[in-house]
Amino acid sequence: MALDVLDITRLQFAVVTIYHYLFVPLSITLAAVTAGLHTAWHRTGRERYRRLTLLVGKLLLVTFAVGVVTGLVQEFQFGLGWSDFARAYGDVFGPTLAIEGMLAFFLEATFLGLWYFGWDRLPRRLHLATIWVVAVGTLISAFVILAANAFMQNPVAYTWDAERGRARLESFLGLMTNPVNLAAFPHTIAGAAMLGGALLLAIGAWRRWVHVPTASGLGEPGEPKGGDDHEQRLAFGTLARVGAWLTLSGGALTALTGDVLGKVMTQVQPMKMAAAEALYTTTAGAPFSIFAVGRPGGGEPFFSLDVPYLLSVLAVGDPTATVQGIDDLQAQYAAQFGPGDYAPVVWMAYWSFRAMIGIGMAAAAIAAAYLWATRRGRALPVGNRWVRRALRLLPVLPLLPAAAGTFGWVFTETARQPWLAFGLTRTEDGISPGLTAGEALAALAAFTVVYGVIAVVWTRLVLHITRQDLDTGALSGGERDDADDDAVGVGRDEPAADGEGTPGGRRQGDLAPSY
């Protein structure tokens with residue numbers, strides 16, 4: 001079947017959005033972990049935390065850079081393919097995009113630069129505060145931009161100017177406190193913790209148990225070659241457990257917040273919940289199917305493996321509650337909005353919903369298994385071939401929560417169809433007039449190629465960073481003391497304990513080092 005301009009433009013927006021979103025949760029988690037590790041080093045003075053701060057900070061830098069680049073393209077999408085939608089809802093989306101842009105491209109980038117170049121230059125507490133500003137800024141940025149998406153799911157705080165054919169924002173606070181946004185934000189942050197945690201778990205476990213310097217060679221069982229090698233192994237072990245706890249706790253919170261979001265979704269978009277279960281007939285005490293098989297033409301599945309009453313619990317919180325079916329909702333919407341097909345692509349909603357849940361649970365289970373296997377300082381039996389094989393598969397662990405998040409957004413957006421802004425504007429009414437299929441296809445191909453190159457660059461940078469030993473003085477060996485600059489030799493020519501100039505072996509005038 002040939003794709004028309006609407007299908008291609010939707011696919012282009014999906015590719016750009018999903019690609020960009022992969023780096024957003026990573027940036028949120030890596031910023032928070034960098035701030036936490038920096039705080040731990042600031043409070044305890046333990047070298048292990050300083051080294052891990054530098055490692056995670058490097059990962060944050062390259063991830064944030066890619067996120068900013070792809071985020072710029074994301075905002076231009078409204079003008080490229082969806083100018084009619086931008087014209088109609090610019091008053092609503094404009095403030096959210098402006099605030100998100102100022103936070104991500106100005107506040108976060110500025111303070112991340114201050115943190116990176118501020119080693120040995122800023123007082124300790126002020127330097128620590130810069131990375132916390134970045135971490136908090138990522139959360140505010142995510143909250144504001146999610147409010148824009150929440151408007152598309154549940155339009156609030158607006159009035160419609162019929163004369164000009166556009167929405168006017170009535171209350172910015174009302175837009176921010178949209179019930180969908182208040183439910184989606186913690187769900188998104190919990191998913192971000194899973195993805196970022198899985199990346200740190202994969203890196204830490206790989207470097208702790210597989211790619212390690214030992215007396216018998218890299219990656220082979222043996223004794224550490226020196227005391228520093230032993231300390232690095234312990235540091236990577238700490239990083240792996242931090243990542244595992246983030247993945248596991250993020251998975252638990254994703255389930256809890258997802259339950260709340262599901263109930264809100266049922267209230268504002270009952271068709272979406274019906275499509276998630278392929279429930280065609282309104283049912284009291286509705287079951288939830290783990291697996292179902294339907295006919296190619298649609299309709300009720302002819303085979304399903306059900307959990308009794310679970311859908312009613314997920315949708316309303318009451319096992320005996322009635323859940324509206326697709327057929328009844330189709331008739332209701334046709335009477336309310338006029339003739340048309342108001343059901344989304346049911347098979348896509350059904351399977352993306354289950355893929356999101358199942359893959360996310362698998363990632364959390366792997367994290368729990370790692371925590372159990374390494375509890376109380378236990379060493380993994382790396383000589384066991386099954387353990388060795390499992391460890392060698394760990395680098396692909398981040399793909400699980402990344403896939404779960406992707407399927408979550410696929411479900412969220414495709415199950416809203418045919419609406420662009422639910423109940424107000426259909427998707428075909430928001431596309432740019434005059435846009436041809438050839439133009440849309442060319443843009444899709446160009447973005448795919450460029451983003452593919454960016455993905456390769458990011459992957460190579462991350463691999464380069466993680467394959468290096470933890471820095472002994474990469475960015476600095478210390479910072480200026482708040483009370484007395486002379487205590488760390490600022491303004492003096494005397495050598496420090498491990499070199500000249502500042503305590504990290506660098507002169508005070510040196511720039512922050514490269515990787």
# chains A, B, ... in the order shown; residues from 1 in each chain; ligands from 1
>>> residues_around(residues="A:Met356", least_positions_apart="4", cutoff="8 Å", atoms="only C-alpha atoms", output="PyMOL selection string")
chain A and resi 352+360+403-408
>>> write_last_selection(atoms="N, CA, C and O atoms", output="short mmCIF file (atom, residue, chain, number, x, y, z; two decimals), in the first residue's frame")
data_model
loop_
_atom_site.label_atom_id
_atom_site.label_comp_id
_atom_site.auth_asym_id
_atom_site.auth_seq_id
_atom_site.Cartn_x
_atom_site.Cartn_y
_atom_site.Cartn_z
N SER A 352 1.80 -2.70 21.45
CA SER A 352 2.75 -1.74 22.00
C SER A 352 2.56 -1.59 23.51
O SER A 352 3.54 -1.42 24.25
N GLY A 360 9.88 -3.67 29.96
CA GLY A 360 10.26 -2.96 31.18
C GLY A 360 10.42 -3.90 32.36
O GLY A 360 11.37 -3.76 33.16
N ALA A 403 13.66 0.43 24.57
CA ALA A 403 12.56 -0.13 23.77
C ALA A 403 11.23 0.02 24.50
O ALA A 403 10.21 0.33 23.88
N ALA A 404 11.24 -0.20 25.81
CA ALA A 404 10.00 -0.06 26.59
C ALA A 404 9.47 1.37 26.50
O ALA A 404 8.27 1.60 26.30
N GLY A 405 10.37 2.36 26.65
CA GLY A 405 9.95 3.75 26.53
C GLY A 405 9.46 4.09 25.14
O GLY A 405 8.48 4.83 24.98
N THR A 406 10.11 3.54 24.13
CA THR A 406 9.69 3.78 22.75
C THR A 406 8.30 3.22 22.50
O THR A 406 7.43 3.89 21.93
N PHE A 407 8.06 1.99 22.93
CA PHE A 407 6.73 1.41 22.77
C PHE A 407 5.69 2.19 23.57
O PHE A 407 4.52 2.30 23.15
N GLY A 408 6.09 2.73 24.71
CA GLY A 408 5.16 3.55 25.49
C GLY A 408 4.71 4.78 24.73
O GLY A 408 3.51 5.12 24.72
#
>>> residues_around(residues="stretch 24-35 of chain A", least_positions_apart="6", cutoff="7 Å", atoms="only C-alpha atoms", output="ChimeraX atom specification")
/A:53,56-57,60,63-64,67,131-132,134-135,138-139,192-193,195-196
>>> write_last_selection(atoms="N, CA, C and O atoms", output="mmCIF file, in the first residue's frame")
data_model
loop_
_atom_site.group_PDB
_atom_site.id
_atom_site.type_symbol
_atom_site.label_atom_id
_atom_site.label_comp_id
_atom_site.auth_asym_id
_atom_site.auth_seq_id
_atom_site.Cartn_x
_atom_site.Cartn_y
_atom_site.Cartn_z
ATOM 1 N N THR A 53 32.230 10.489 39.529
ATOM 2 C CA THR A 53 31.630 11.755 39.131
ATOM 3 C C THR A 53 32.144 12.176 37.760
ATOM 4 O O THR A 53 31.375 12.593 36.883
ATOM 5 N N VAL A 56 30.723 9.687 34.915
ATOM 6 C CA VAL A 56 29.314 9.917 34.575
ATOM 7 C C VAL A 56 29.136 11.314 33.990
ATOM 8 O O VAL A 56 28.303 11.523 33.099
ATOM 9 N N GLY A 57 29.933 12.272 34.469
ATOM 10 C CA GLY A 57 29.858 13.617 33.903
ATOM 11 C C GLY A 57 30.239 13.644 32.438
ATOM 12 O O GLY A 57 29.639 14.376 31.637
ATOM 13 N N LEU A 60 27.364 12.377 30.522
ATOM 14 C CA LEU A 60 26.333 13.414 30.469
ATOM 15 C C LEU A 60 26.646 14.440 29.394
ATOM 16 O O LEU A 60 25.751 14.871 28.650
ATOM 17 N N THR A 63 25.954 13.046 25.875
ATOM 18 C CA THR A 63 24.522 12.773 25.717
ATOM 19 C C THR A 63 23.726 14.063 25.647
ATOM 20 O O THR A 63 22.807 14.206 24.823
ATOM 21 N N PHE A 64 24.059 15.022 26.491
ATOM 22 C CA PHE A 64 23.368 16.309 26.483
ATOM 23 C C PHE A 64 23.570 17.022 25.148
ATOM 24 O O PHE A 64 22.637 17.621 24.603
ATOM 25 N N GLY A 67 21.344 15.476 22.632
ATOM 26 C CA GLY A 67 19.961 15.834 22.954
ATOM 27 C C GLY A 67 19.612 17.240 22.521
ATOM 28 O O GLY A 67 18.502 17.500 22.018
ATOM 29 N N ILE A 131 26.159 21.750 39.137
ATOM 30 C CA ILE A 131 25.634 20.502 38.576
ATOM 31 C C ILE A 131 24.233 20.219 39.096
ATOM 32 O O ILE A 131 23.417 19.610 38.393
ATOM 33 N N TRP A 132 23.932 20.692 40.297
ATOM 34 C CA TRP A 132 22.569 20.539 40.796
ATOM 35 C C TRP A 132 21.590 21.420 40.016
ATOM 36 O O TRP A 132 20.430 21.056 39.807
ATOM 37 N N VAL A 134 21.873 22.016 36.866
ATOM 38 C CA VAL A 134 21.656 21.236 35.645
ATOM 39 C C VAL A 134 20.623 20.134 35.902
ATOM 40 O O VAL A 134 19.690 19.939 35.109
ATOM 41 N N ALA A 135 20.793 19.407 37.012
ATOM 42 C CA ALA A 135 19.890 18.291 37.310
ATOM 43 C C ALA A 135 18.456 18.772 37.496
ATOM 44 O O ALA A 135 17.504 18.180 36.958
ATOM 45 N N THR A 138 16.866 19.939 34.133
ATOM 46 C CA THR A 138 16.360 18.878 33.259
ATOM 47 C C THR A 138 14.953 18.448 33.670
ATOM 48 O O THR A 138 14.118 18.143 32.813
ATOM 49 N N LEU A 139 14.696 18.438 34.971
ATOM 50 C CA LEU A 139 13.362 18.051 35.450
ATOM 51 C C LEU A 139 12.319 19.108 35.085
ATOM 52 O O LEU A 139 11.210 18.774 34.639
ATOM 53 N N ALA A 192 12.827 7.246 32.912
ATOM 54 C CA ALA A 192 14.171 7.784 32.692
ATOM 55 C C ALA A 192 15.174 7.149 33.640
ATOM 56 O O ALA A 192 16.314 6.839 33.257
ATOM 57 N N ALA A 193 14.766 6.939 34.889
ATOM 58 C CA ALA A 193 15.650 6.288 35.856
ATOM 59 C C ALA A 193 15.990 4.874 35.416
ATOM 60 O O ALA A 193 17.131 4.413 35.579
ATOM 61 N N LEU A 195 16.182 3.762 32.246
ATOM 62 C CA LEU A 195 17.097 3.788 31.103
ATOM 63 C C LEU A 195 18.497 4.219 31.528
ATOM 64 O O LEU A 195 19.494 3.571 31.183
ATOM 65 N N GLY A 196 18.596 5.309 32.276
ATOM 66 C CA GLY A 196 19.901 5.749 32.739
ATOM 67 C C GLY A 196 20.553 4.742 33.660
ATOM 68 O O GLY A 196 21.762 4.490 33.582
#
>>> residues_around(residues="stretch 465-472 of chain A", least_positions_apart="3", cutoff="8 Å", atoms="only C-alpha atoms", output="ChimeraX atom specification")
/A:51-52,54-55,58-59,203,207,211,232,461-462,477,515
>>> write_last_selection(atoms="C-alpha atoms", output="compact mmCIF listing (two decimals), in the first residue's frame")
# COMPACT_ATOMS: atom_id res chain seq x y z
CA ARG A 51 36.37 9.31 39.84
CA LEU A 52 32.83 8.14 39.22
CA LEU A 54 34.06 12.46 36.30
CA LEU A 55 33.07 9.33 34.39
CA LYS A 58 31.60 12.78 30.63
CA LEU A 59 28.70 10.56 29.61
CA ILE A 203 29.05 -0.01 32.07
CA ARG A 207 34.21 -2.95 33.63
CA HIS A 211 36.85 -5.58 30.72
CA GLN A 232 38.97 0.87 40.01
CA LEU A 461 32.18 8.36 22.19
CA VAL A 462 30.43 6.42 24.95
CA GLY A 477 42.42 16.47 41.85
CA TYR A 515 38.98 12.82 26.85
>>> residues_around(residues="A:Asp341", least_positions_apart="4", cutoff="12 Å", atoms="only C-alpha atoms", output="short mmCIF file (atom, residue, chain, number, x, y, z; two decimals) with C-alpha atoms, in the first residue's frame")
data_model
loop_
_atom_site.label_atom_id
_atom_site.label_comp_id
_atom_site.auth_asym_id
_atom_site.auth_seq_id
_atom_site.Cartn_x
_atom_site.Cartn_y
_atom_site.Cartn_z
CA MET A 271 -11.04 4.82 23.57
CA ILE A 326 -14.63 0.28 21.17
CA ASP A 327 -17.99 -0.23 19.43
CA LEU A 329 -17.36 4.57 22.00
CA GLN A 330 -17.32 4.69 18.19
CA ALA A 331 -21.09 5.25 18.18
CA GLN A 332 -20.77 7.87 20.94
CA TYR A 333 -18.04 9.83 19.12
CA ALA A 334 -19.87 9.65 15.79
CA ALA A 335 -22.89 11.24 17.44
CA PHE A 337 -18.23 14.80 16.50
CA VAL A 345 -5.16 0.95 14.93
CA GLN A 417 -5.64 8.80 16.63
CA PRO A 418 -7.45 10.12 14.69
CA TRP A 419 -6.98 13.20 16.88
CA ARG A 426 -7.94 15.69 13.53
#
>>> atom_distance(atom1="atom CA of A:Ala362", atom2="atom CA of A:Leu400")
7.6 Å
>>> closest_residue(among="A:Leu463, A:Ala184, A:Leu22, A:Ala198", to="A:Tyr451", atoms="only C-alpha atoms")
A:Leu22
>>> closest_residue(among="A:Ala364, A:Val453, A:Ala275, A:Ala373", to="A:Leu246", atoms="only C-alpha atoms")
A:Ala364
>>> closest_residue(among="A:Phe172, A:Tyr21, A:Trp206, A:Trp372", to="A:Val68", atoms="only C-alpha atoms")
A:Tyr21
